[in-house]
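File shown: start-v1.csv (CSV, C-alpha atoms).
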```
chain,number,residue,atom,x,y,z
R,1,MET,CA,46.5,52.3,135.1
R,2,HIS,CA,46.0,54.2,138.3
R,3,TYR,CA,45.3,57.6,136.9
R,4,SER,CA,41.8,58.9,136.7
R,5,PHE,CA,40.7,60.8,133.6
R,6,LYS,CA,37.0,60.6,134.3
R,7,GLY,CA,35.1,63.5,132.5
R,8,LYS,CA,38.2,64.3,130.4
R,9,ASN,CA,38.4,64.4,126.6
R,10,ALA,CA,41.7,63.7,124.9
R,11,LEU,CA,43.4,63.9,121.5
R,12,VAL,CA,46.5,61.9,120.7
R,13,THR,CA,48.1,62.4,117.3
R,14,GLY,CA,49.8,59.4,115.6
R,15,SER,CA,47.8,57.0,117.8
R,16,SER,CA,47.0,54.2,115.4
R,17,LYS,CA,50.1,52.2,116.4
R,18,GLY,CA,53.1,52.2,118.7
R,19,ILE,CA,53.4,54.6,121.7
R,20,GLY,CA,50.4,56.7,120.5
R,21,ARG,CA,48.1,53.6,120.4
R,22,ALA,CA,49.2,52.6,124.0
R,23,VAL,CA,48.6,56.1,125.2
R,24,ALA,CA,45.1,56.3,123.7
R,25,ILE,CA,44.1,53.0,125.3
R,26,ALA,CA,45.7,54.0,128.6
R,27,LEU,CA,43.7,57.2,128.7
R,28,ALA,CA,40.5,55.3,128.0
R,29,GLN,CA,41.4,52.9,130.8
R,30,GLY,CA,41.4,56.0,133.1
R,31,GLY,CA,38.0,57.0,131.8
R,32,ALA,CA,38.8,59.6,129.1
R,33,ASN,CA,37.1,59.8,125.7
R,34,VAL,CA,39.8,59.8,123.0
R,35,THR,CA,40.2,61.0,119.4
R,36,VAL,CA,42.5,58.6,117.6
R,37,ASN,CA,44.5,60.3,114.9
R,38,CYS,CA,46.4,58.8,112.0
R,39,SER,CA,47.8,59.9,108.7
R,40,ALA,CA,46.7,56.9,106.6
R,41,SER,CA,46.4,53.8,108.8
R,42,LEU,CA,42.7,54.0,109.1
R,43,ASP,CA,42.1,50.3,109.7
R,44,GLN,CA,44.6,50.3,112.6
R,45,ALA,CA,43.1,53.5,114.0
R,46,GLU,CA,39.6,51.9,113.9
R,47,GLU,CA,41.0,48.9,115.9
R,48,VAL,CA,42.3,51.3,118.5
R,49,ALA,CA,38.9,53.0,118.7
R,50,GLN,CA,37.2,49.7,119.2
R,51,GLU,CA,39.5,48.9,122.1
R,52,ILE,CA,38.6,52.3,123.6
R,53,ARG,CA,34.9,51.6,123.2
R,54,LYS,CA,35.2,48.2,124.9
R,55,LEU,CA,36.6,50.1,127.9
R,56,GLY,CA,33.4,52.1,128.1
R,57,SER,CA,34.8,55.4,126.6
R,58,LYS,CA,33.9,57.2,123.5
R,59,ALA,CA,36.3,57.2,120.5
R,60,LEU,CA,36.6,59.3,117.4
R,61,VAL,CA,38.9,58.4,114.4
R,62,VAL,CA,40.2,61.3,112.3
R,63,ALA,CA,42.8,60.9,109.6
R,64,CYS,CA,44.8,64.1,108.9
R,65,ASP,CA,48.3,65.2,108.0
R,66,VAL,CA,49.6,67.1,111.1
R,67,SER,CA,52.0,69.2,109.0
R,68,ASP,CA,48.9,71.0,107.7
R,69,LEU,CA,47.8,73.6,110.2
R,70,ALA,CA,44.3,73.9,108.9
R,71,ALA,CA,43.8,70.1,109.1
R,72,VAL,CA,45.0,70.1,112.7
R,73,GLU,CA,42.7,72.9,113.6
R,74,GLU,CA,39.8,70.9,112.1
R,75,LEU,CA,41.0,67.9,114.1
R,76,VAL,CA,40.7,69.8,117.3
R,77,GLN,CA,37.2,71.1,116.3
R,78,ARG,CA,36.0,67.7,115.4
R,79,THR,CA,37.1,66.4,118.8
R,80,VAL,CA,35.2,69.2,120.5
R,81,ALA,CA,32.1,68.6,118.4
R,82,ALA,CA,32.2,64.9,119.3
R,83,PHE,CA,33.0,65.2,123.0
R,84,GLY,CA,32.1,68.7,124.1
R,85,SER,CA,35.7,69.9,125.0
R,86,LEU,CA,39.4,69.2,124.7
R,87,ASP,CA,41.1,68.7,128.0
R,88,LEU,CA,44.2,66.6,127.2
R,89,PHE,CA,46.5,66.7,124.2
R,90,VAL,CA,49.4,64.5,123.3
R,91,SER,CA,51.6,65.4,120.4
R,92,ASN,CA,53.0,62.1,119.2
R,93,ALA,CA,52.8,62.0,115.4
R,94,VAL,CA,56.2,61.7,113.8
R,95,TYR,CA,58.0,61.0,110.6
R,96,SER,CA,61.7,60.2,110.1
R,97,ASP,CA,64.0,59.4,107.2
R,98,ARG,CA,67.6,58.3,108.2
R,99,GLN,CA,70.5,59.3,106.0
R,100,LEU,CA,73.8,61.0,106.4
R,101,LEU,CA,73.6,64.8,106.1
R,102,VAL,CA,75.8,64.9,103.0
R,103,GLU,CA,73.7,62.1,101.3
R,104,ALA,CA,70.3,63.1,102.4
R,105,ASP,CA,67.3,63.2,100.1
R,106,MET,CA,66.1,66.7,100.9
R,107,VAL,CA,62.5,65.7,100.2
R,108,GLY,CA,62.5,63.2,103.1
R,109,PHE,CA,64.6,65.6,105.2
R,110,ARG,CA,62.0,68.3,104.8
R,111,ARG,CA,59.1,65.9,105.4
R,112,THR,CA,60.7,64.9,108.7
R,113,ILE,CA,60.8,68.5,109.8
R,114,GLU,CA,57.3,69.2,108.6
R,115,VAL,CA,55.7,66.4,110.5
R,116,SER,CA,58.0,66.1,113.5
R,117,MET,CA,58.5,69.8,114.2
R,118,TRP,CA,55.7,71.7,112.5
R,119,GLY,CA,53.2,69.0,113.3
R,120,ALA,CA,54.0,69.3,117.0
R,121,LEU,CA,53.7,73.0,116.9
R,122,HIS,CA,50.4,72.9,115.1
R,123,GLY,CA,48.9,70.5,117.6
R,124,VAL,CA,50.1,72.5,120.7
R,125,ARG,CA,48.9,75.8,119.2
R,126,ALA,CA,45.4,74.5,118.2
R,127,SER,CA,44.8,72.6,121.4
R,128,ALA,CA,46.0,75.5,123.6
R,129,GLN,CA,43.7,77.9,121.7
R,130,GLN,CA,40.8,75.6,122.4
R,131,MET,CA,41.7,75.2,126.1
R,132,ILE,CA,42.0,78.9,126.5
R,133,GLN,CA,38.6,79.4,125.0
R,134,GLN,CA,37.1,76.8,127.4
R,135,GLY,CA,38.6,78.6,130.3
R,136,LYS,CA,39.2,75.6,132.5
R,137,GLY,CA,42.9,74.8,131.9
R,138,GLY,CA,44.2,71.6,130.4
R,139,SER,CA,47.3,69.5,130.0
R,140,ILE,CA,49.6,69.0,127.0
R,141,THR,CA,52.4,66.5,126.6
R,142,VAL,CA,54.8,66.6,123.7
R,143,VAL,CA,56.5,63.3,122.9
R,144,SER,CA,60.1,64.1,122.0
R,145,SER,CA,63.2,62.0,122.2
R,146,PRO,CA,66.8,61.8,123.5
R,147,HIS,CA,67.6,62.7,119.9
R,148,SER,CA,67.0,66.3,121.0
R,149,ILE,CA,70.1,66.0,123.1
R,150,ILE,CA,72.2,63.2,121.6
R,151,PRO,CA,73.5,63.8,118.1
R,152,PHE,CA,72.7,60.4,116.7
R,153,PRO,CA,74.3,60.1,113.2
R,154,THR,CA,72.1,59.6,110.1
R,155,ALA,CA,69.2,61.4,112.0
R,156,MET,CA,70.0,65.0,111.4
R,157,ALA,CA,66.5,66.2,110.5
R,158,TYR,CA,64.9,64.2,113.3
R,159,ASN,CA,67.5,65.4,115.8
R,160,MET,CA,66.8,69.0,114.7
R,161,ALA,CA,63.0,68.6,115.0
R,162,LYS,CA,63.2,67.0,118.4
R,163,ALA,CA,65.5,69.7,119.8
R,164,ALA,CA,63.2,72.4,118.4
R,165,ILE,CA,60.0,70.9,120.0
R,166,ASP,CA,61.7,70.5,123.4
R,167,HIS,CA,62.2,74.3,123.5
R,168,MET,CA,58.9,75.0,121.9
R,169,ALA,CA,57.1,73.0,124.7
R,170,ARG,CA,59.0,74.8,127.4
R,171,THR,CA,58.2,78.2,125.8
R,172,ALA,CA,54.5,77.2,125.6
R,173,ALA,CA,54.6,76.2,129.2
R,174,ILE,CA,55.6,79.7,130.4
R,175,GLU,CA,53.2,81.4,128.0
R,176,LEU,CA,50.2,79.2,129.0
R,177,ILE,CA,50.8,78.8,132.7
R,178,HIS,CA,48.5,81.7,133.6
R,179,HIS,CA,45.7,79.9,131.7
R,180,GLY,CA,46.0,76.9,133.9
R,181,ILE,CA,47.4,74.9,131.0
R,182,ARG,CA,50.4,72.6,131.8
R,183,VAL,CA,52.9,71.7,129.0
R,184,ASN,CA,55.5,69.0,129.5
R,185,VAL,CA,57.9,66.9,127.4
R,186,PHE,CA,58.3,63.2,127.4
R,187,HIS,CA,61.5,61.4,126.2
R,188,PRO,CA,61.1,57.7,125.4
R,189,GLY,CA,64.2,55.7,124.7
R,190,TRP,CA,64.6,52.9,122.1
R,191,ILE,CA,61.1,51.4,122.1
R,192,ASP,CA,59.9,48.2,120.5
R,193,THR,CA,57.4,49.8,118.0
R,194,PRO,CA,56.3,49.0,114.4
R,195,GLY,CA,58.1,52.2,113.3
R,196,GLU,CA,61.5,50.8,114.3
R,197,ARG,CA,61.1,48.1,111.6
R,198,LYS,CA,61.5,50.9,109.0
R,199,PHE,CA,65.2,51.1,110.0
R,200,PHE,CA,66.2,47.8,111.6
R,201,SER,CA,65.7,44.1,111.1
R,202,GLU,CA,64.6,41.9,114.0
R,203,ASP,CA,68.2,40.7,114.5
R,204,GLN,CA,69.4,44.3,114.5
R,205,LEU,CA,66.9,45.2,117.1
R,206,ALA,CA,67.8,42.3,119.3
R,207,ASP,CA,71.5,43.0,119.0
R,208,GLY,CA,70.9,46.8,119.6
R,209,ALA,CA,68.9,46.1,122.7
R,210,GLN,CA,71.9,44.4,124.3
R,211,GLN,CA,73.9,47.7,124.0
R,212,ILE,CA,71.3,49.6,126.1
R,213,PRO,CA,72.2,49.7,129.8
R,214,MET,CA,69.0,47.8,130.7
R,215,LYS,CA,69.7,45.3,128.0
R,216,ARG,CA,66.3,45.5,126.4
R,217,LEU,CA,64.0,47.8,124.4
R,218,GLY,CA,61.2,49.6,126.2
R,219,THR,CA,57.5,48.9,125.5
R,220,SER,CA,54.8,51.2,124.3
R,221,GLU,CA,52.8,50.4,127.4
R,222,GLU,CA,55.6,51.5,129.7
R,223,MET,CA,55.8,54.8,127.9
R,224,ALA,CA,52.1,55.2,128.1
R,225,HIS,CA,52.3,55.1,131.9
R,226,GLY,CA,54.8,57.8,131.9
R,227,ILE,CA,52.9,60.0,129.5
R,228,CYS,CA,49.7,59.5,131.4
R,229,PHE,CA,51.4,60.6,134.6
R,230,THR,CA,52.4,63.9,133.0
R,231,LEU,CA,48.7,64.5,132.0
R,232,SER,CA,47.3,63.4,135.3
R,233,GLU,CA,46.3,65.4,138.4
R,234,GLU,CA,49.1,63.6,140.2
R,235,ALA,CA,51.4,65.8,138.1
R,236,SER,CA,49.4,69.0,138.8
R,237,TYR,CA,52.6,70.9,140.0
R,238,MET,CA,54.6,69.8,137.0
R,239,THR,CA,55.0,72.1,133.9
R,240,GLY,CA,57.8,73.0,131.5
R,241,THR,CA,59.8,69.9,132.4
R,242,THR,CA,60.9,66.7,130.8
R,243,LEU,CA,60.2,63.2,132.0
R,244,THR,CA,62.6,60.6,130.6
R,245,MET,CA,62.1,56.8,130.3
R,246,ASP,CA,65.0,55.6,128.2
R,247,GLY,CA,66.5,52.5,129.8
R,248,GLY,CA,69.6,54.4,130.5
R,249,VAL,CA,70.4,55.5,126.9
R,250,GLY,CA,71.3,59.0,128.1
R,251,LEU,CA,73.9,57.6,130.5
R,252,PRO,CA,77.5,57.0,129.5
R,253,TRP,CA,76.6,53.5,128.3
R,254,TRP,CA,79.9,53.2,126.3
R,255,SER,CA,81.8,53.1,129.6
R,256,LYS,CA,82.7,49.6,130.9
R,257,ARG,CA,83.8,50.9,134.3
R,258,THR,CA,80.6,49.7,135.9
R,259,GLU,CA,80.9,46.2,134.6
R,260,GLY,CA,83.7,45.0,136.7
R,261,LYS,CA,86.8,46.4,138.4
R,262,GLN,CA,86.8,50.2,138.6
```

Translate the structure of the given file into structure tokens.
Amino acid sequence: MHYSFKGKNALVTGSSKGIGRAVAIALAQGGANVTVNCSASLDQAEEVAQEIRKLGSKALVVACDVSDLAAVEELVQRTVAAFGSLDLFVSNAVYSDRQLLVEADMVGFRRTIEVSMWGALHGVRASAQQMIQQGKGGSITVVSSPHSIIPFPTAMAYNMAKAAIDHMARTAAIELIHHGIRVNVFHPGWIDTPGERKFFSEDQLADGAQQIPMKRLGTSEEMAHGICFTLSEEASYMTGTTLTMDGGVGLPWWSKRTEGKQ
């Protein structure tokens, strides 16, 4: 980690595992104090907090459902009460059920939208309100997905949610720019996280990785470096844009024309 976050206070939703966990630890490596958020995985969130404290930063663990606006507003206020301010916000919490549209259980479909879309909006709104009140700017990164662009089958609700938060983040960027608040989007590709085990076996993940142009899944730590860049002073002239680290998933990977004779 080469980015400095000394004197900064951060909040990362969905940070008890996977990409969120890696981001929380990377921010602490840069010197930030971090609020670790989870919905129910308190033991794992506490483990992340312990890692942050070992690095010499402060850590706060708060469990809440990001689809609840009042709970997210309280999450922000607890962060400020613990650290004194909120300077960096990462919207990472997500939920996804995978079924064909015509077969989808609408309870799971709506839950995907509530967490993945409304949860992101709640976090951006509450953190931006706090940053405006502080009057010293800030940086927000919304973790989205190539699903916002590519219509992956069986992921209708997730695709919808990610497309919505991409445009939400860009709109927030133009609305908040005069407050000195930067808002960017981050697109990770197929990443080796615990969440992928909800949908795929180890053999399926290994086989699927071979279909990616880079022939492997990405790691949470790789994604954390990209997200931390968007939050850092090195990206101070960057707002309303999307940084993609997807191993080439967005390329025409189905074409074999690069694997031999043209």

Using all atoms listed in the file, find each residue in segment 40-92 of chain R having at least one atom no more than 9 Å away from segment 122-141 of chain R; report its shortest atom-to-atom pair and that distance in Å (one decimal), rows by chain then rising number, as a tab-separated table.
```
residue	atom	partner	partner_atom	distance
R:Val66	CA	R:His122	CA	7.1
R:Ser67	CA	R:His122	CA	7.3
R:Asp68	CA	R:His122	CA	7.8
R:Leu69	CA	R:His122	CA	5.6
R:Ala70	CA	R:His122	CA	8.8
R:Val72	CA	R:Gly123	CA	6.3
R:Glu73	CA	R:Ala126	CA	5.6
R:Leu75	CA	R:Ala126	CA	8.9
R:Val76	CA	R:Ser127	CA	6.4
R:Gln77	CA	R:Gln130	CA	8.4
R:Val80	CA	R:Gln130	CA	8.7
R:Ser85	CA	R:Gln134	CA	7.4
R:Leu86	CA	R:Met131	CA	6.6
R:Asp87	CA	R:Gly138	CA	4.9
R:Leu88	CA	R:Ser139	CA	5.1
R:Phe89	CA	R:Ile140	CA	4.8
R:Val90	CA	R:Thr141	CA	4.9
R:Ser91	CA	R:Thr141	CA	6.3
R:Asn92	CA	R:Thr141	CA	8.6
```

Using only C-alpha atoms, determine which residues lie at most 8 Å from Leu243 of chain R, disregarding the query and same-chain residues fewer than 6 positions distant; provide the list as a list in words.
Asn184, Val185, Phe186, His187, Gly226 and Thr230 of chain R

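Note that the spacing between atom CA of Pro213 of chain R and atom CA of His225 of chain R amounts to 20.7 Å.
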
Spatial neighbours of Gly240 of chain R, max dist 9 Å, all atoms listed in the file, sep filter under 2 positions, as an mmCIF file with C-alpha atoms, keeping the file's coordinate frame:
```cif
data_model
loop_
_atom_site.group_PDB
_atom_site.id
_atom_site.type_symbol
_atom_site.label_atom_id
_atom_site.label_comp_id
_atom_site.auth_asym_id
_atom_site.auth_seq_id
_atom_site.Cartn_x
_atom_site.Cartn_y
_atom_site.Cartn_z
ATOM 1 C CA ALA R 169 57.100 73.000 124.700
ATOM 2 C CA ARG R 170 59.000 74.800 127.400
ATOM 3 C CA THR R 171 58.200 78.200 125.800
ATOM 4 C CA ALA R 172 54.500 77.200 125.600
ATOM 5 C CA ALA R 173 54.600 76.200 129.200
ATOM 6 C CA ILE R 174 55.600 79.700 130.400
ATOM 7 C CA ARG R 182 50.400 72.600 131.800
ATOM 8 C CA VAL R 183 52.900 71.700 129.000
ATOM 9 C CA ASN R 184 55.500 69.000 129.500
ATOM 10 C CA VAL R 185 57.900 66.900 127.400
ATOM 11 C CA MET R 238 54.600 69.800 137.000
ATOM 12 C CA THR R 242 60.900 66.700 130.800
#
```

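Minimum atom-to-atom distances from R:Val62, R:Ile181, R:Ala155, R:Val143 to Ala45 of chain R were compared using only C-alpha atoms, and the lowest value belongs to R:Val62.
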
First collect every listed atom of segment 79-89 of chain R; then fit an axis-aligned box around them, widen it by 6 Å on each side, and give centre and edge lengths in Å to one decimal, as lines of an AutoDock Vina configuration file.
```
center_x = 39.3
center_y = 67.4
center_z = 123.2
size_x = 26.4
size_y = 17.0
size_z = 21.6
```

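With only C-alpha atoms as the atoms that count, the minimum distance from Gln29 of chain R to the choices R:Leu217, R:Leu176, R:Cys228, R:Leu251 is reached by R:Cys228.
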
Would you pick out the contacts of segment 8-17 of chain R at 8 Å or less, using all atoms listed in the file, so that residues sharing its chain but fewer than 2 positions from it are not included, and give the list as a PyMOL selection string?
chain R and resi 5-6+19-24+27+31-39+41-42+44-46+48+66+76+79+83+85-94+193-194

Between R:Gly108, R:Pro188, R:Gly56, R:Gly18, which has the minimum distance to Gly250 of chain R (counting only C-alpha atoms)?
R:Pro188

Report, in Å to a single decimal, how far apart atom CA of Ser236 of chain R and atom CA of Ile150 of chain R are.
29.1 Å

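The space separating atom CA of Ile191 of chain R from atom CA of Ala26 of chain R comes to 16.9 Å.
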
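Candidate residues R:Ala40, R:Met214, R:Val142, R:Ala81 were compared for distance to Gly247 of chain R, and the nearest is R:Met214, using only C-alpha atoms.
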
Which polymer residues have any atom within 12 Å of an atom of Val107 of chain R, counting only C-alpha atoms, with same-chain residues fewer than 5 positions away left out, as a ChimeraX atom specification?
/R:96-97,99,112-114,157

Go ahead and write the residues just picked, C-alpha atoms, as an mmCIF file, in the frame of the given file.
```cif
data_model
loop_
_atom_site.group_PDB
_atom_site.id
_atom_site.type_symbol
_atom_site.label_atom_id
_atom_site.label_comp_id
_atom_site.auth_asym_id
_atom_site.auth_seq_id
_atom_site.Cartn_x
_atom_site.Cartn_y
_atom_site.Cartn_z
ATOM 1 C CA SER R 96 61.700 60.200 110.100
ATOM 2 C CA ASP R 97 64.000 59.400 107.200
ATOM 3 C CA GLN R 99 70.500 59.300 106.000
ATOM 4 C CA THR R 112 60.700 64.900 108.700
ATOM 5 C CA ILE R 113 60.800 68.500 109.800
ATOM 6 C CA GLU R 114 57.300 69.200 108.600
ATOM 7 C CA ALA R 157 66.500 66.200 110.500
#
```

Nearest to Leu121 of chain R among R:Leu60, R:Met168, R:Leu55, R:Ala206, with distances taken over all atoms listed in the file: which residue is it?
R:Met168

Given all atoms listed in the file as the counted atoms, nearest of R:Trp190, R:Trp118, R:Phe109, R:Tyr3 to Met245 of chain R:
R:Trp190
